[in-house]
Every structure is written in structure tokens, then in C-alpha cells.
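Shown next, in C-alpha cells, is the structure this report addresses.
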Amino acid sequence: MLSFGVWLAAGCATQGTRSSAPRPGDGLREYQRLVLDLHKDVTLTRQALEALSAATQKNSAAAYGRFDDSLQRLEVVSVKARARIEAMEKRGAAYFEEWAEEISTDADPAARRAAQVRLAELQRHFEAILKATGPVRQAFRPFLEGARQLRTTLGPEPQFVAIVQAVPTCRRIVSAGQRAGEAMDQLLKTLSTAEAAVLTGPSPSTKPEGKS
């Protein structure tokens with residue numbers, strides 16, 4: 001797991017290992033990739049549900065198979081994303097505590113104040129990310145649970161009449177998927193803003209460059 005120092009900081013690489021050391025903002029970019037992957041699979045599952053609700057008797061089996069496949073992929077991606085994001089968030093909270101303690105020991109008042117200002121700025125971005133992640137979780141849960149329940153209700157080889165009867169349910173789940181996608185869009189914007197802040201300013205660390 002990447003340290004949150006790499007996620008929201010710069011200048012922590014050790015001299016002589018820069019070629020293999022994580023780059024500033026790498027953790028944010030990983031977070032973005034996780035959200036983008038989840039967003040992609042939410043979209044695919046939502047589109048499969050839309051196709052299922054519009055299916056004819058001739059293509060209903062294929063439409064259901066597409067929905068089932070997309071949901072299975074979504075389940076795998078969601079488990080991976082949840083585990084890694086939760087671990088990164090916990091590491092981030094611990095890192096800010098370590099950072100604040102390090103800054104408080106600096107004997108240079110000017111350097112200490114500058115580092116505290118920078119730390120506060122990056123901590124605001126961290127808190128914004130946490131805040132934007134909440135609506136994603138809240139919107140994603142009913143979408144995933146609704147899709148799973150639909151699959152359970154219809155069974156492995158549903159009759160066309162059962163699919164027709166499930167159309168209102170499909171539409172409700174599609175709406176939940178749209179809300180989840182919108183929440184993810186907002187989270188991605190927040191992550192991009194945080195990444196820009198990381199890349200345009202120094203680390204709040206008071207240690208000389210090149211020290212870990």
C-alpha cells in the first residue's frame with residue numbers, strides 16, 4: 001500500500017533511489033484508477049440493465065447473459081476497490097498525525113509555520129476526498145444490491161415473461177446506477193483538484209530534500 005506521504009506530498013524520495021521511488025501524487029492516481037474502473041463497470045452494468053428492460057423474446061436470453069456477466073465483473077472490481085480505498089484512507093489519517101508531530105519539533109519558527117500551512121492545505125484536500133467518497137458509497141450500495149436481488153429473483157435462465165415483469169425494477173436500478181455514476185464523477189473532480197495541489201506545492205515536511 002502506498003504511503004499517504006506519496007499520496008498528498010512531495011520530496012520524500014531518498015537520494016539514489018529516485019528511479020524506483022514512488023512519485024508525488026502516485027497514491028491519488030491509484031485512487032483515480034480504482035474509481036474509474038468502478039465507474040466503467042457501473043456503466044456497463046447499467047447499460048446491460050437498460051438493454052434487458054428493452055429486450056424482446058428473441059434476444060432476452062442474450063440480454064440477460066450480458067447483464068449477468070457485467071454484474072459478476074462489477075462485484076469483483078467493487079471488492080478490490082473497497083479494500084484498497086479503505087486501507088489508503090486509514091493510512092492517510094495516520095500519516096497526517098505523524099506529519100504534524102514531525103513539524104512541531106522543528107526549531108525554526110518560519111519553517112515550522114510554512115510547513116503547518118502546507119499541511120493544513122493538504123489535509124483539507126484529504127478531508128474533501130473523504131467527504132466525496134461518502135456519497136459514492138451511499139449511491140453505489142443500492143445499485144449493487146438491487147442488481148444482485150434482480151439476478152436472484154430471475155434465476156439463471158429466466159423466462160421472457162419474468163423479464164417483462166421485472167422491467168420496472170430494472171428501471172429503478174438503472175436510476176440508482178446513474179446516481180452512483182454522478183457521485184463518482186464528483187469524487188474524480190475532487191481527486192483531480194487534490195492532485196493539482198500536490199504537484200504545484202512542496203511537502204509540508206521540514207526535513208531537507210533527499211531525506212526520508
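Chain lettering (A, B, ...) mirrors the order of the C-alpha cells, residue numbering begins at 1 for each chain separately, and ligand numbering begins at 1 in order of display.
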
Give me, as a short mmCIF file (atom, residue, chain, number, x, y, z; two decimals) with N, CA and C atoms, in the first residue's frame, all polymer residues having an atom no more than 10 Å from Ser104 of chain A, counting only C-alpha atoms and skipping those fewer than 3 positions away in the same chain.
```cif
data_model
loop_
_atom_site.label_atom_id
_atom_site.label_comp_id
_atom_site.auth_asym_id
_atom_site.auth_seq_id
_atom_site.Cartn_x
_atom_site.Cartn_y
_atom_site.Cartn_z
N TRP A 99 2.89 13.53 10.46
CA TRP A 99 3.39 14.75 9.85
C TRP A 99 3.35 15.93 10.84
N ALA A 100 2.19 16.07 11.49
CA ALA A 100 2.03 17.17 12.45
C ALA A 100 3.04 17.06 13.59
N GLU A 101 3.29 15.84 14.05
CA GLU A 101 4.27 15.64 15.13
C GLU A 101 5.67 16.02 14.67
N ALA A 107 12.91 23.49 14.99
CA ALA A 107 13.34 24.63 15.82
C ALA A 107 13.22 25.96 15.10
N ASP A 108 13.06 25.94 13.79
CA ASP A 108 12.97 27.17 13.00
C ASP A 108 11.51 27.60 12.93
N PRO A 109 11.13 28.71 13.59
CA PRO A 109 9.72 29.12 13.61
C PRO A 109 9.15 29.36 12.22
N ARG A 112 8.61 26.09 10.47
CA ARG A 112 7.51 25.37 11.11
C ARG A 112 6.16 25.94 10.69
N ARG A 113 6.05 27.27 10.64
CA ARG A 113 4.78 27.89 10.23
C ARG A 113 4.45 27.56 8.78
N ALA A 115 5.43 24.98 7.06
CA ALA A 115 5.07 23.57 6.97
C ALA A 115 3.66 23.34 7.50
N GLN A 116 3.28 24.04 8.56
CA GLN A 116 1.95 23.88 9.12
C GLN A 116 0.87 24.37 8.15
N THR A 206 9.50 19.41 7.18
CA THR A 206 10.57 20.37 7.43
C THR A 206 11.94 19.74 7.23
#
```

Non-local contacts of segment 66-80 of chain A (12 Å; only C-alpha atoms; under 2 positions in same chain excluded) as a VMD selection string:
chain A and resid 31 33 to 53 55 59 to 64 82 to 87 136 to 137 140 to 141 143 to 152 154 to 158 163 170 174 177

From a DSSP pass on the backbone, collect the residues of chain A flagged as helix (DSSP H, G or I) and hand them back as a PyMOL selection string.
chain A and resi 4-7+26-53+60-104+109-154+160-165+167-199

Kindly indicate which residue among A:Pro142, A:Leu199, A:Thr153, A:Phe160 lies nearest to Gln178 of chain A, using only C-alpha atoms for the distances.
A:Pro142

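Going from atom CA of Arg124 of chain A over to atom CA of Glu182 of chain A, you cover 22.3 Å.
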